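Following: one structure in structure tokens, then a few remarks.
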Amino acid sequence: MDILGLLGILLGLLTIILLIIKKFSIIIAAPIATIVVLLFNDVPILKTVFGKENSYMIALASFIASNFAIFLLGSVLAKYMDKSRATISIAESILSIVGTKNPYNALAALFIISAFLTYGGANEFVIIFALIPMTKPIFKKIHMMLI
């Protein structure tokens, strides 16, 4: 890798940081930063992103197709846990153990929940979908304690 390529990576990082600071969505900021990196590394952008062989879009489509069932079932599980109020029950029981005196306890609670789910054999995608509905009651309870 030459100096220009390394400079491109640094400018790409700077671009994504500045765009996020300027309140751009990550969905917009990430491709722009990627294009900056590709330009400085002398990579053909259209062929790399939209080509017929070994392109980003082909790999992304393959990844989504092979993991679609996990994404679908994980989101259904998360919605079921949210509607049944199981997430609130789990969050309150973990917070009763961890405590609510310090806002960092919410992070410790989420770490404990994810550790139990991981050791229980759940897939990481399912864990992410299960943690998302749990974070709201945990942070809401911590916020109410601070006020």
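By convention in this document, the chains of the structure tokens carry letters A, B, ... by their order, each chain's residues are numbered from 1, and ligands are numbered from 1 in the order they are shown.
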
Shell around Val49 of chain A at 10 Å using only C-alpha atoms, local window under 5 positions removed, as a PyMOL selection string: chain A and resi 35+44+54-59

For the selection just defined, write its residues with N, CA and C atoms to a file, as an mmCIF file, in the first residue's frame.
```
data_model
loop_
_atom_site.group_PDB
_atom_site.id
_atom_site.type_symbol
_atom_site.label_atom_id
_atom_site.label_comp_id
_atom_site.auth_asym_id
_atom_site.auth_seq_id
_atom_site.Cartn_x
_atom_site.Cartn_y
_atom_site.Cartn_z
ATOM 1 N N ILE A 35 -16.397 5.759 -1.061
ATOM 2 C CA ILE A 35 -15.994 6.280 -2.370
ATOM 3 C C ILE A 35 -14.689 7.062 -2.252
ATOM 4 N N PRO A 44 -11.384 0.833 -9.455
ATOM 5 C CA PRO A 44 -12.535 1.195 -10.302
ATOM 6 C C PRO A 44 -13.842 1.087 -9.512
ATOM 7 N N ASN A 54 -17.569 -10.686 -8.194
ATOM 8 C CA ASN A 54 -16.828 -10.244 -7.016
ATOM 9 C C ASN A 54 -17.093 -8.785 -6.656
ATOM 10 N N SER A 55 -18.328 -8.354 -6.761
ATOM 11 C CA SER A 55 -18.647 -6.980 -6.409
ATOM 12 C C SER A 55 -19.303 -6.927 -5.032
ATOM 13 N N TYR A 56 -19.402 -5.733 -4.516
ATOM 14 C CA TYR A 56 -20.017 -5.513 -3.210
ATOM 15 C C TYR A 56 -21.484 -5.928 -3.228
ATOM 16 N N MET A 57 -22.212 -5.559 -4.269
ATOM 17 C CA MET A 57 -23.635 -5.859 -4.326
ATOM 18 C C MET A 57 -23.900 -7.357 -4.426
ATOM 19 N N ILE A 58 -23.074 -8.069 -5.159
ATOM 20 C CA ILE A 58 -23.233 -9.517 -5.272
ATOM 21 C C ILE A 58 -22.994 -10.168 -3.902
ATOM 22 N N ALA A 59 -21.950 -9.743 -3.210
ATOM 23 C CA ALA A 59 -21.648 -10.304 -1.894
ATOM 24 C C ALA A 59 -22.733 -9.942 -0.878
#
```

Please build the interface table for segment 90-128 of chain A against segment 68-85 of chain A with a cut-off of 9 Å, listing for each qualifying residue the nearest atom pair and the distance in Å to one decimal; count only C-alpha atoms, order rows by chain and increasing number, and write it as JSON lines.
```
{"residue": "A:Ile90", "atom": "CA", "partner": "A:Arg85", "partner_atom": "CA", "distance": 8.9}
{"residue": "A:Asn123", "atom": "CA", "partner": "A:Ile70", "partner_atom": "CA", "distance": 8.3}
{"residue": "A:Phe125", "atom": "CA", "partner": "A:Gly74", "partner_atom": "CA", "distance": 6.7}
{"residue": "A:Val126", "atom": "CA", "partner": "A:Gly74", "partner_atom": "CA", "distance": 4.5}
{"residue": "A:Ile127", "atom": "CA", "partner": "A:Gly74", "partner_atom": "CA", "distance": 7.9}
{"residue": "A:Ile128", "atom": "CA", "partner": "A:Gly74", "partner_atom": "CA", "distance": 8.2}
```

Would you mind exporting the chosen residues as a PDB file, in the first residue's frame, restricted to C-alpha atoms?
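Result file is again_35.pdb:
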```
ATOM      1  CA  ILE A  90     -36.027  -9.394  32.208  1.00  0.00           C
ATOM      2  CA  ASN A 123     -27.081 -16.660  17.491  1.00  0.00           C
ATOM      3  CA  PHE A 125     -28.169 -11.810  15.226  1.00  0.00           C
ATOM      4  CA  VAL A 126     -30.912 -13.098  17.512  1.00  0.00           C
ATOM      5  CA  ILE A 127     -29.122 -11.567  20.497  1.00  0.00           C
ATOM      6  CA  ILE A 128     -29.027  -8.184  18.790  1.00  0.00           C
TER       7      ILE A 128
END
```

Determine, using only C-alpha atoms, which residues of segment 96-133 of chain A have any atom at most 10 Å from an atom of segment 142-145 of chain A, and tabulate each with its shortest atom pair and distance in Å to one decimal place, rows ordered by chain and then rising number, as JSON lines.
```
{"residue": "A:Gly99", "atom": "CA", "partner": "A:Ile142", "partner_atom": "CA", "distance": 9.4}
{"residue": "A:Thr100", "atom": "CA", "partner": "A:Ile142", "partner_atom": "CA", "distance": 6.1}
{"residue": "A:Lys101", "atom": "CA", "partner": "A:Met145", "partner_atom": "CA", "distance": 7.7}
{"residue": "A:Asn102", "atom": "CA", "partner": "A:Ile142", "partner_atom": "CA", "distance": 8.1}
{"residue": "A:Pro103", "atom": "CA", "partner": "A:Ile142", "partner_atom": "CA", "distance": 6.2}
{"residue": "A:Tyr104", "atom": "CA", "partner": "A:Ile142", "partner_atom": "CA", "distance": 9.2}
{"residue": "A:Asn105", "atom": "CA", "partner": "A:Ile142", "partner_atom": "CA", "distance": 8.4}
{"residue": "A:Ala106", "atom": "CA", "partner": "A:Ile142", "partner_atom": "CA", "distance": 7.0}
```

Those same residues, written as a tab-separated table (two decimals), in the first residue's frame with N, CA and C atoms?
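Once written, result.tsv looks like this:
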```tsv
chain	number	residue	atom	x	y	z
A	99	GLY	N	-28.40	-2.99	40.10
A	99	GLY	CA	-28.62	-1.73	40.79
A	99	GLY	C	-28.78	-0.58	39.81
A	100	THR	N	-29.31	0.53	40.33
A	100	THR	CA	-29.58	1.69	39.48
A	100	THR	C	-28.93	2.96	39.99
A	101	LYS	N	-27.94	2.84	40.85
A	101	LYS	CA	-27.30	4.04	41.40
A	101	LYS	C	-26.42	4.75	40.38
A	102	ASN	N	-25.86	4.01	39.46
A	102	ASN	CA	-24.92	4.56	38.48
A	102	ASN	C	-25.46	4.29	37.08
A	103	PRO	N	-25.43	5.28	36.17
A	103	PRO	CA	-25.93	5.04	34.82
A	103	PRO	C	-25.16	3.95	34.07
A	104	TYR	N	-23.92	3.70	34.47
A	104	TYR	CA	-23.13	2.65	33.82
A	104	TYR	C	-23.65	1.25	34.16
A	105	ASN	N	-24.50	1.18	35.17
A	105	ASN	CA	-25.09	-0.11	35.50
A	105	ASN	C	-25.99	-0.61	34.39
A	106	ALA	N	-26.56	0.30	33.61
A	106	ALA	CA	-27.39	-0.12	32.47
A	106	ALA	C	-26.53	-0.86	31.45
```

Out of segment 2-116 of chain A, which residues get alpha helix (DSSP H) from DSSP, as number ranges by chain? A: 3-21, 26-40, 45-50, 56-83, 86-98, 104-116

Proximity to Val43 of chain A - best of A:Gly5, A:Ser114, A:Ile138, A:Leu11, only C-alpha atoms: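 The shortest atom-to-atom distance to Val43 of chain A comes from A:Gly5.
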
Taking into account only C-alpha atoms, which residue in the set A:Ala115, A:Val98, A:Ile32, A:Ala86 is nearest to Ile45 of chain A?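 Among the listed residues, A:Ile32 lies closest to Ile45 of chain A.
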
Could you list, as a ChimeraX atom specification, every residue within 6 Å of Val37 of chain A, counting only C-alpha atoms and ignoring same-chain residues fewer than 5 positions away? /A:8-9,12

Residues of the last selection are to be written out with N, CA and C atoms, as a short mmCIF file (atom, residue, chain, number, x, y, z; two decimals), in the first residue's frame.
```
data_model
loop_
_atom_site.label_atom_id
_atom_site.label_comp_id
_atom_site.auth_asym_id
_atom_site.auth_seq_id
_atom_site.Cartn_x
_atom_site.Cartn_y
_atom_site.Cartn_z
N GLY A 8 -5.86 8.03 1.65
CA GLY A 8 -7.27 7.82 1.32
C GLY A 8 -8.05 7.20 2.46
N ILE A 9 -7.44 6.24 3.15
CA ILE A 9 -8.10 5.62 4.29
C ILE A 9 -8.31 6.64 5.41
N GLY A 12 -11.01 8.97 4.36
CA GLY A 12 -12.30 8.29 4.46
C GLY A 12 -12.82 8.29 5.89
#
```

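When only C-alpha atoms are used to measure the gap to Met134 of chain A, the shortest distance among A:Ile26, A:Ile64, A:Ile88, A:Ala109 belongs to A:Ile88.
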
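Residues surrounding segment 13-19 of chain A within 6 Å are A:Phe24, A:Ala29, A:Ala33 [only C-alpha atoms; sequence separation below 4 positions excluded].
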